[in-house]
Every structure is written in structure tokens, then in C-alpha cells.
Number of protein chains: 2
Amino acid sequence: MEHDVVGPDYEGLLRAGRSTIARTGTAERAAEYLRDRIIDGALPPGTRMAEDAISKGLGISRNTLREAFRLLSHQRLLEHELNRGVFVRSLPREEVGDLYTLRRLLETAAIDGLGPDPDLTDVEAPLLAAERAAEAGDWAAVGSGDLAFHLALVALSGSTRAVEVMRGVLAELRLVFSVITEPRRLHEAYLPRNRVILEFIRSGAIPEAQAELSAYLEDAQRQLLAAYDFDVESGGR
Amino acid sequence: MEHDVVGPDYEGLLRAGRSTIARTGTAERAAEYLRDRIIDGALPPGTRMAEDAISKGLGISRNTLREAFRLLSHQRLLEHELNRGVFVRSLPREEVGDLYTLRRLLETAAIDGLGPDPDLTDVEAPLLAAERAAEAGDWAAVGSGDLAFHLALVALSGSTRAVEVMRGVLAELRLVFSVITEPRRLHEAYLPRNRVILEFIRSGAIPEAQAELSAYLEDAQRQLLAAYDFDVESGGR
DNA sequence: GCATATTTGTCCGTATGTATA
DNA sequence: CTATACATACGGACAAATATG
């Protein structure tokens, strides 16, 4: 149980937000299972999702599985090709750029109108967790904390929809993270920069925070694309 | 064919964007049909979407209809309650506020980094169309042009995902528009303000454009909520 | 290019569980 | 509490499209 030291489950925070404790149907549960498999890399981009094999494997009917596929297709984690089936989505380079453009849009705009001394507890908590996870060498938790920090930034906008959009963006990005062979360098170097951004916001230096945020995202995008090109030989599609 | 005078079909531009001319399945076609029915008010918020009746009415199977329901639920035009069925969504007041918060976020951020003298043809075209439609008294076309103008603003961000998010936001807003009894005043008064925003952008006065945009959205939200309270007595749910 | 096997798309019938009158 | 209506999930069927030899 080494995970207890690094605090709460920021992995869970990144999941699609069921507002109430809604009762969960079979299709939704299957979708969540497959979603985790995609995100943790067990089902890498390009994988064919054969209906027959998977439905037997999960012990659910084909119709129910197809429903789960639809849910994941809407989250852009699966790709549906008519009469050919569904595949784990593989993001082209340009799509990665689009995701970072949208991140820049959402994150910088979310902190735009912020007054001085805002409530930043929800923003700082995942950052602290990530910093502690880095000391413990738990790189997966570092990654989750990093993403949760940026998700919390968007939450400062006060729009639940903006948060949900951001959650979707981050889930798609995990599609890329999952094929990166060296997860450590991916997030570790950015923790101090997150700290800088947070302190800028706390002190009311919004333009400075936005500038640092933009720079952060540009650097992260560049590094990610470099690792992507290096690790991905056979680009699906 | 009076629609020809007001130019191209900006109604169509607001539709969910199929990137390629993808072959269209039965479910998607059914979804598009139902979507139009919801937006034009034939299926007002709160309407129960009984699987059996609708599948027979459209001549498709229940499984296929359920797929169409999923598509529309994801666009938040339908609401899914486990074991109870799907309903045409009715937006609570707070959700309207959330939509406008996200609009403010997207629209002001989209024009943020814009240099002087950007290419604004795609932005001006729907505005011109709306202005002409106003002269012709075609208020539905005025509304579509108004929304298409703001969608085009977001497109200036260069992110196709941002555009898609915005498209979803506008589709949801139409859910509210559809219950407003007096569509004329809803959009007509805002055309000159759109013009002002456009000219600010053209001249490179970005902060002024953002300020006017924010003011526009606040006023529009206020007016919409007032009309909403007036027209909606029996809140669905 | 052709014939065959596999897989998906669509639909049906039914059994079960859930909500509501 | 009972009865009814409906959604959920399953299994099977067949046509159509695709993949394979």
C-alpha cells in the first residue's frame, strides 16, 4: 500500500465525472474497464477491438459491448470505421497540436479574471501530492498529479463544462503518454514550473502566470512530440 | 426559395462537423433528424422519448435508435436516466450561466493572441448574412447568422476541438432559444454589437474587442434568462 | 479476379429488473 | 401490494461488407 503516502486518488479525479452516485449499467462498467486498459497502455493505439473476442472475454453480450464502444468512441478513445470495426485511437501529430492549443486556451482563460488571493486549495493539493510522489519515485502518480493540477486550474473558471472539456482533453493526451517509453522525464521536470505558476496566481500576477503557463505548454508539446516521433515507428493509419 | 437571398446555409455550419464525407449509418441519420426536431421546438424540453414508439415511427429497430439516443445524449440534447429512459433535456437556470461562462472563456481566449489585420472573411460572412436577413425579416436566419458569427470567432483560435466544443455549447443554447416565444428581439439587437466587435478585431484593438465581447455575453445572458423565466412556467423535471 | 470465411450492421424475441400508477 | 409499462441485457438470426486464400 505504498500509495497511501502520496495522498488521495488523483487518478480518480481525472475520470469522467458522474455527478451523482448514479447506478451504473453493464455497458458503462465495461466502458470504464476498457478505458483504463487503454490509458494504462494494455491496449495500445491501433489495436483492433474485435466484438466477438472481447464480449466473450468480458462475459457480456455483443450488443452491450457495442454500447460500451459507443461511449468510448464519444470520448475519442476508440475510432469507429463503418463495417470494419472499432480500434484504439492513434493520434496523428496534428491532433496533439490541437489538444495543446485547446489546453492553452482553456488554462490561460480560466485564470484570466481572477482577483488577488483566490482560494487555491484545490489547485495546490494535487501539486503537493505530485511533489511527494516524485520523492517516492512513483512516476505514474507524478503524472496523475501533474494533470490534476492543470485540471484544477481550469476549474478556477467556475464552469463545470470547461472542466469536463479539459478532462476529455487530458484523457486523449493519455493516449499519447501511454506509448511513451520513458514516463519519468515526461512530468518530473514540470513540477517546479507548476509551483511557479501557482505562486504567480496566488500573488495576483495573472499575466505572468499566463505567460509561464503558455511557455510550459509549448515546451511540453515540443517534448511530447519529440518522444512521440522517437517511440512510434509504425504510425497507425 | 426566399432563403437564397440571405446567402449560404449557416444553419448547416452549426451542425456537428463530420470531417470527411463519411458514409452515414442509420443511427446517425436518425440522430440528425431528431436533433432538428428538438432544435426547432417540435420536441420541447421534458418530452419523453419512448423507444418503442419512436423506433416504429422512424422505421428503425430499437437497438439502432438507442445508438441515436447515445449520440444526442452526448451532445446533451437528451438526458438519460437509468431504467427510466431518455428525455429531451431541459436546462436549469444555472446551466445557462455555465454555458455563457464557457462562451466567454472560449470567445475571448480565441481572439487573444491575434495579430493585426488577420483574415476575417469567415467571420464577416455570417455577419453580413445576418444583417441582410434582418432586412428581409427572416428572424430564424438572423439567429443562425448571429451564432455562426460567434462560432467563427472561436475558429480564429485555430483549434478544431475548440470549434467543436463551441458548436456543442450553441446547440445546447438552442434548447433554450426554442422555448422562447419571441425570437425576433433575441438576436436582432446584437447585430450592431457584433459589427463593433469585428471592427475592433480588424483594427488590432484586441482588449477592446474582448471587453465588448464580455459585455455582449453578459447582456445576452441576462436577457435570455429574463425571457426564459417569463416563458417557462412548468419547469421540466 | 474469384470464391470463401470472417466480421460487422441491423433487427428480433425474450427474460429480468426497475419505476410508477 | 399489485399491475403495468418500460428499460436493460441477452442470444440468435441474417444480410452486407470486408478480409483472406
# chains A, B, ... in the order shown; residues from 1 in each chain; ligands from 1

$ closest_atom_pairs --of "chain A" --to "chain C" --cutoff "8 Å" --atoms "only C-alpha atoms (C1' of nucleotides)" --output "tab-separated table"
residue	atom	partner	partner_atom	distance
A:Asn83	CA	C:DT8	C1'	5.1
A:Arg84	CA	C:DT8	C1'	6.6
A:Gly85	CA	C:DT8	C1'	6.6

$ select_by_dssp --residues "segment 37-220 of chain A" --states "helix (DSSP H, G or I)" --output "JSON, numbers by chain"
{"A": [37, 38, 39, 51, 52, 53, 54, 55, 56, 57, 58, 62, 63, 64, 65, 66, 67, 68, 69, 70, 71, 72, 73, 74, 93, 94, 95, 96, 97, 98, 99, 100, 101, 102, 103, 104, 105, 106, 107, 108, 109, 110, 121, 122, 123, 124, 125, 126, 127, 128, 129, 130, 131, 132, 133, 134, 135, 136, 139, 140, 141, 142, 143, 144, 145, 146, 147, 148, 149, 150, 151, 152, 153, 154, 155, 160, 161, 162, 163, 164, 165, 166, 167, 168, 169, 170, 171, 172, 173, 174, 175, 176, 177, 183, 184, 185, 186, 187, 188, 191, 192, 193, 194, 195, 196, 197, 198, 199, 200, 201, 202, 206, 207, 208, 209, 210, 211, 212, 213, 214, 215, 216, 217, 218, 219, 220]}

$ select_by_dssp --residues "segment 78-211 of chain A" --states "strand (DSSP E)" --output "MDAnalysis selection string"
chainID A and resid 78:81 85:88

$ interface_residues --of "chain B" --to "chain D" --cutoff "12 Å" --atoms "only C-alpha atoms (C1' of nucleotides)" --output "ChimeraX atom specification"
/B:48-53,62-63,66,80-86

$ write_last_selection --atoms "C-alpha atoms" --output "PDB file, in the first residue's frame"
ATOM      1  CA  ARG B  48     -40.276  11.604 -23.098  1.00  0.00           C
ATOM      2  CA  MET B  49     -38.512   9.708 -25.874  1.00  0.00           C
ATOM      3  CA  ALA B  50     -40.170   6.302 -25.754  1.00  0.00           C
ATOM      4  CA  GLU B  51     -38.038   3.746 -27.533  1.00  0.00           C
ATOM      5  CA  ASP B  52     -40.840   1.637 -28.879  1.00  0.00           C
ATOM      6  CA  ALA B  53     -42.997   4.404 -30.320  1.00  0.00           C
ATOM      7  CA  ARG B  62     -34.724  -0.218 -31.031  1.00  0.00           C
ATOM      8  CA  ASN B  63     -31.022  -1.019 -30.946  1.00  0.00           C
ATOM      9  CA  ARG B  66     -30.613   3.630 -28.836  1.00  0.00           C
ATOM     10  CA  HIS B  80     -30.559   9.613 -19.951  1.00  0.00           C
ATOM     11  CA  GLU B  81     -31.925   8.259 -16.676  1.00  0.00           C
ATOM     12  CA  LEU B  82     -31.109   4.656 -15.923  1.00  0.00           C
ATOM     13  CA  ASN B  83     -34.100   2.371 -16.266  1.00  0.00           C
ATOM     14  CA  ARG B  84     -36.339   5.348 -16.874  1.00  0.00           C
ATOM     15  CA  GLY B  85     -35.454   6.265 -20.399  1.00  0.00           C
ATOM     16  CA  VAL B  86     -34.335   9.364 -22.249  1.00  0.00           C
TER      17      VAL B  86
END

$ residues_around --residues "Glu199 of chain B" --least-positions-apart "3" --cutoff "12 Å" --atoms "only C-alpha atoms (C1' of nucleotides)" --output "NGL selection string"
:B and (116-118 or 120 or 123-124 or 127 or 192-196 or 202-206 or 208-210 or 212)

$ interface_residues --of "chain B" --to "chain A" --cutoff "6 Å" --atoms "only C-alpha atoms" --output "list in words"
Asp98, Leu105, Ala109 and Ser159 of chain B

$ closest_atom_pairs --of "segment 199-226 of chain B" --to "segment 177-191 of chain B" --cutoff "9 Å" --atoms "only C-alpha atoms" --output "tab-separated table"
residue	atom	partner	partner_atom	distance
B:Tyr216	CA	B:Tyr190	CA	7.7
B:Ala220	CA	B:Leu186	CA	8.2
B:Gln223	CA	B:Leu186	CA	7.9
B:Leu224	CA	B:Leu186	CA	7.5

$ closest_residue --among "A:Ala227, A:Leu151, A:Asp138, A:Gly113" --to "Ala125 of chain A" --atoms "only C-alpha atoms"
A:Leu151

$ atom_distance --atom1 "atom CA of Leu198 of chain A" --atom2 "atom CA of Leu213 of chain A"
9.9 Å

$ atom_distance --atom1 "atom CA of Glu218 of chain B" --atom2 "atom CA of Val96 of chain B"
11.5 Å
